[in-house]
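**Q** Take this structure first; my questions come after.
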Amino acid sequence: MNYWLVKSEPFKYSWEQFEKDKITFWDGVRNYQARNNLKEMKKGDLVLWYHSNEGKEIVGIAKVAKESYQDPTTEDPNWVVVDLKCFKKLKKTITLEQIKADNRLANMGLVRQGRLSVSSLTAYEFDTIIALSEEK
């Protein structure tokens, strides 16, 4: 299993809307590195959902429901989407400030390449985020 982080501006598509929709395709990626990450996603992989710009926090977990296919919002064959299924809201959101303050997460893509909309995570980074979200 692989682990990922996707970023969404909540005014465009929020976690709350995703919970209502239950499943969505992840479109609009126009960065080659982010696109390559989408192509690497496998069905069942876990994905942290990060609200960018507003909130700047990880709010929930999705699962990859369908592996990469042509982005239906463009005819350009260079761009792909994956289907994500809502899995679980975090007990407690984890802010970018908390992530940057935690030395265990210093190499996380969100810290090193903050503008990348789809990034990979190590199992350790994923587990650390989950543990932080469950602390009292």
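By order in the structure tokens, chains are A, B, ...; within a chain, residues start at 1; ligands start at 1, following the order shown.
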Can you list every residue in chain A that DSSP puts in helix (DSSP H, G or I), as a ChimeraX atom specification?
**A** /A:15-21,32-40,96-101,103-105,109-112,123-134
**Q** Find the residues around range 99-106 of chain A up to 8 Å (only C-alpha atoms counted), leave out those fewer than 5 positions away in its own chain, and share them as a ChimeraX atom specification.
**A** /A:94,111-112,125,128
**Q** Fewer than 3 positions away in the same chain doesn't count, so skip those; otherwise give me all residues within 9 Å of Asp45 in chain A, counting only C-alpha atoms, as a VMD selection string.
**A** chain A and resid 1 to 4 41 to 42 62 to 65
**Q** What would the file look like if the residues just selected were written as a compact mmCIF listing (two decimals), in the first residue's frame with C-alpha atoms?
**A**
```
# COMPACT_ATOMS: atom_id res chain seq x y z
CA MET A 1 0.00 0.00 0.00
CA ASN A 2 1.09 3.55 -0.75
CA TYR A 3 0.20 6.78 0.99
CA TRP A 4 -0.54 10.17 -0.52
CA MET A 41 -1.76 5.65 -7.13
CA LYS A 42 -3.24 2.17 -6.76
CA ALA A 62 -9.75 9.10 1.37
CA LYS A 63 -9.09 5.87 -0.47
CA VAL A 64 -8.18 5.47 -4.11
CA ALA A 65 -11.29 3.88 -5.66
```
**Q** Given only C-alpha atoms, how would the per-residue table for range 43-90 of chain A near range 11-24 of chain A read, listing every residue at most 7 Å away with its closest atom pair and distance in Å to one decimal, sorted by chain and number, as a Markdown table?
**A**
```
| residue | atom | partner | partner_atom | distance |
| --- | --- | --- | --- | --- |
| A:Asp83 | CA | A:Thr24 | CA | 5.6 |
| A:Leu84 | CA | A:Thr24 | CA | 5.5 |
| A:Lys85 | CA | A:Ile23 | CA | 4.3 |
| A:Cys86 | CA | A:Lys22 | CA | 5.1 |
```
**Q** Could you save the residues just selected, with N, CA and C atoms, as a short mmCIF file (atom, residue, chain, number, x, y, z; two decimals), in the first residue's frame?
**A**
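Final output, saved to part02.cif:
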```cif
data_model
loop_
_atom_site.label_atom_id
_atom_site.label_comp_id
_atom_site.auth_asym_id
_atom_site.auth_seq_id
_atom_site.Cartn_x
_atom_site.Cartn_y
_atom_site.Cartn_z
N ASP A 83 -10.12 8.31 -9.08
CA ASP A 83 -11.33 8.42 -8.26
C ASP A 83 -10.95 8.21 -6.80
N LEU A 84 -11.44 9.12 -5.96
CA LEU A 84 -11.23 9.02 -4.52
C LEU A 84 -12.56 8.78 -3.83
N LYS A 85 -12.54 7.91 -2.83
CA LYS A 85 -13.73 7.60 -2.04
C LYS A 85 -13.50 8.10 -0.62
N CYS A 86 -14.50 8.77 -0.08
CA CYS A 86 -14.40 9.28 1.29
C CYS A 86 -14.26 8.09 2.25
#
```
**Q** Give me every strand (DSSP E or B) residue in chain A, going by DSSP on the backbone, as number ranges by chain.
**A** A: 3-8, 23-25, 46-51, 57-70, 80-95, 118-121
**Q** Could you turn the residues from that selection into a file that holds N, CA and C atoms, as a tab-separated table (two decimals), in the first residue's frame?
**A**
```tsv
chain	number	residue	atom	x	y	z
A	3	TYR	N	0.87	5.70	0.28
A	3	TYR	CA	0.20	6.78	0.99
A	3	TYR	C	0.45	8.09	0.26
A	4	TRP	N	-0.57	8.94	0.27
A	4	TRP	CA	-0.54	10.17	-0.52
A	4	TRP	C	-1.16	11.31	0.26
A	5	LEU	N	-0.91	12.52	-0.24
A	5	LEU	CA	-1.58	13.72	0.27
A	5	LEU	C	-2.06	14.52	-0.93
A	6	VAL	N	-3.33	14.92	-0.90
A	6	VAL	CA	-3.87	15.80	-1.93
A	6	VAL	C	-4.31	17.09	-1.28
A	7	LYS	N	-4.18	18.16	-2.04
A	7	LYS	CA	-4.54	19.48	-1.54
A	7	LYS	C	-5.74	20.02	-2.31
A	8	SER	N	-6.68	20.58	-1.55
A	8	SER	CA	-7.86	21.19	-2.15
A	8	SER	C	-8.17	22.49	-1.43
A	23	ILE	N	-17.79	10.08	-3.27
A	23	ILE	CA	-16.75	9.72	-4.24
A	23	ILE	C	-16.59	10.88	-5.23
A	24	THR	N	-15.38	11.10	-5.70
A	24	THR	CA	-15.13	12.15	-6.67
A	24	THR	C	-13.92	11.78	-7.51
A	25	PHE	N	-13.79	12.39	-8.69
A	25	PHE	CA	-12.53	12.22	-9.42
A	25	PHE	C	-11.68	13.45	-9.14
A	46	LEU	N	-4.20	4.86	0.64
A	46	LEU	CA	-4.80	5.86	1.52
A	46	LEU	C	-4.27	7.24	1.19
A	47	VAL	N	-5.16	8.24	1.27
A	47	VAL	CA	-4.86	9.60	0.83
A	47	VAL	C	-5.30	10.59	1.91
A	48	LEU	N	-4.35	11.38	2.41
A	48	LEU	CA	-4.71	12.45	3.35
A	48	LEU	C	-5.24	13.63	2.56
A	49	TRP	N	-6.30	14.25	3.06
A	49	TRP	CA	-6.97	15.38	2.41
A	49	TRP	C	-6.58	16.65	3.16
A	50	TYR	N	-5.92	17.55	2.45
A	50	TYR	CA	-5.40	18.80	3.04
A	50	TYR	C	-6.16	19.98	2.48
A	51	HIS	N	-6.69	20.82	3.37
A	51	HIS	CA	-7.31	22.08	2.95
A	51	HIS	C	-6.21	23.13	2.81
A	57	GLU	N	-4.81	22.69	6.77
A	57	GLU	CA	-4.83	21.58	7.71
A	57	GLU	C	-5.27	20.29	7.01
A	58	ILE	N	-4.79	19.18	7.55
A	58	ILE	CA	-5.23	17.87	7.08
A	58	ILE	C	-6.52	17.55	7.83
A	59	VAL	N	-7.55	17.22	7.07
A	59	VAL	CA	-8.89	17.07	7.67
A	59	VAL	C	-9.45	15.65	7.60
A	60	GLY	N	-8.96	14.82	6.67
A	60	GLY	CA	-9.55	13.51	6.53
A	60	GLY	C	-8.72	12.56	5.70
A	61	ILE	N	-9.27	11.36	5.55
A	61	ILE	CA	-8.62	10.30	4.79
A	61	ILE	C	-9.57	9.81	3.69
A	62	ALA	N	-9.02	9.69	2.50
A	62	ALA	CA	-9.75	9.10	1.37
A	62	ALA	C	-9.04	7.83	0.96
A	63	LYS	N	-9.70	7.05	0.13
A	63	LYS	CA	-9.09	5.87	-0.47
A	63	LYS	C	-9.17	6.00	-1.98
A	64	VAL	N	-8.14	5.50	-2.66
A	64	VAL	CA	-8.18	5.47	-4.11
A	64	VAL	C	-9.19	4.39	-4.51
A	65	ALA	N	-10.23	4.80	-5.24
A	65	ALA	CA	-11.29	3.88	-5.66
A	65	ALA	C	-11.08	3.40	-7.09
A	66	LYS	N	-10.41	4.22	-7.91
A	66	LYS	CA	-10.14	3.85	-9.31
A	66	LYS	C	-8.80	4.47	-9.70
A	67	GLU	N	-7.96	3.67	-10.32
A	67	GLU	CA	-6.64	4.14	-10.72
A	67	GLU	C	-6.73	5.10	-11.90
A	68	SER	N	-5.62	5.71	-12.24
A	68	SER	CA	-5.60	6.84	-13.19
A	68	SER	C	-6.24	6.51	-14.54
A	69	TYR	N	-6.93	7.53	-15.06
A	69	TYR	CA	-7.54	7.48	-16.39
A	69	TYR	C	-7.58	8.90	-16.93
A	70	GLN	N	-7.89	9.04	-18.21
A	70	GLN	CA	-7.90	10.34	-18.88
A	70	GLN	C	-8.76	11.35	-18.11
A	80	VAL	N	-4.34	13.19	-16.26
A	80	VAL	CA	-5.14	12.08	-15.74
A	80	VAL	C	-5.84	12.48	-14.44
A	81	VAL	N	-6.77	11.64	-14.05
A	81	VAL	CA	-7.46	11.77	-12.76
A	81	VAL	C	-7.46	10.39	-12.09
A	82	VAL	N	-7.77	10.38	-10.81
A	82	VAL	CA	-8.09	9.14	-10.09
A	82	VAL	C	-9.41	9.38	-9.38
A	83	ASP	N	-10.12	8.31	-9.08
A	83	ASP	CA	-11.33	8.42	-8.26
A	83	ASP	C	-10.95	8.21	-6.80
A	84	LEU	N	-11.44	9.12	-5.96
A	84	LEU	CA	-11.23	9.02	-4.52
A	84	LEU	C	-12.56	8.78	-3.83
A	85	LYS	N	-12.54	7.91	-2.83
A	85	LYS	CA	-13.73	7.60	-2.04
A	85	LYS	C	-13.50	8.10	-0.62
A	86	CYS	N	-14.50	8.77	-0.08
A	86	CYS	CA	-14.40	9.28	1.29
A	86	CYS	C	-14.26	8.09	2.25
A	87	PHE	N	-13.30	8.17	3.14
A	87	PHE	CA	-13.06	7.08	4.08
A	87	PHE	C	-13.34	7.50	5.52
A	88	LYS	N	-12.63	8.53	6.01
A	88	LYS	CA	-12.78	8.87	7.42
A	88	LYS	C	-12.32	10.30	7.69
A	89	LYS	N	-13.11	11.02	8.45
A	89	LYS	CA	-12.72	12.35	8.93
A	89	LYS	C	-11.76	12.15	10.11
A	90	LEU	N	-10.71	12.96	10.17
A	90	LEU	CA	-9.79	12.87	11.30
A	90	LEU	C	-10.49	13.32	12.58
A	91	LYS	N	-10.14	12.68	13.68
A	91	LYS	CA	-10.71	13.08	14.98
A	91	LYS	C	-10.34	14.52	15.30
A	92	LYS	N	-9.12	14.89	14.93
A	92	LYS	CA	-8.63	16.25	15.16
A	92	LYS	C	-7.80	16.64	13.94
A	93	THR	N	-8.08	17.80	13.36
A	93	THR	CA	-7.30	18.25	12.20
A	93	THR	C	-5.85	18.52	12.60
A	94	ILE	N	-4.97	18.38	11.62
A	94	ILE	CA	-3.54	18.63	11.85
A	94	ILE	C	-3.13	19.78	10.95
A	95	THR	N	-2.69	20.86	11.57
A	95	THR	CA	-2.37	22.08	10.83
A	95	THR	C	-0.96	22.02	10.23
A	118	VAL	N	-0.34	17.09	-5.31
A	118	VAL	CA	-0.44	15.65	-5.03
A	118	VAL	C	0.97	15.17	-4.70
A	119	SER	N	1.15	14.69	-3.47
A	119	SER	CA	2.49	14.25	-3.08
A	119	SER	C	2.42	12.90	-2.38
A	120	SER	N	3.53	12.20	-2.43
A	120	SER	CA	3.59	10.90	-1.77
A	120	SER	C	3.99	11.08	-0.31
A	121	LEU	N	3.63	10.10	0.49
A	121	LEU	CA	3.99	10.07	1.91
A	121	LEU	C	4.63	8.73	2.20
```
**Q** Write out as a PyMOL selection string the residues lying within 10 Å of Arg30 in chain A, counting only C-alpha atoms and excluding same-chain residues fewer than 2 positions away.
**A** chain A and resi 27-28+32-35+78-80+117
**Q** I need the chosen residues saved as a compact mmCIF listing (two decimals), in the first residue's frame, with C-alpha atoms.
**A**
```txt
# COMPACT_ATOMS: atom_id res chain seq x y z
CA ASP A 27 -9.10 16.60 -11.64
CA GLY A 28 -7.40 19.82 -12.63
CA TYR A 32 3.87 16.94 -14.27
CA GLN A 33 5.20 15.75 -10.91
CA ALA A 34 1.70 15.79 -9.38
CA ARG A 35 0.38 14.02 -12.50
CA ASN A 78 -1.13 14.23 -20.84
CA TRP A 79 -3.49 14.72 -17.89
CA VAL A 80 -5.14 12.08 -15.74
CA SER A 117 -0.99 19.43 -5.15
```
**Q** In Å, rounded to a single decimal, give me how far CA of Ser52 in chain A is from CA of Pro10 in chain A.
**A** 7.1 Å
**Q** Could you please determine the separation between CA of Ile130 in chain A and CA of Asn107 in chain A in Å, to one decimal place?
**A** 16.7 Å
**Q** Quick check, in Å to one decimal: how far apart do CA of Glu135 in chain A and CA of Lys43 in chain A lie?
**A**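 These atoms are spaced 29.0 Å apart.
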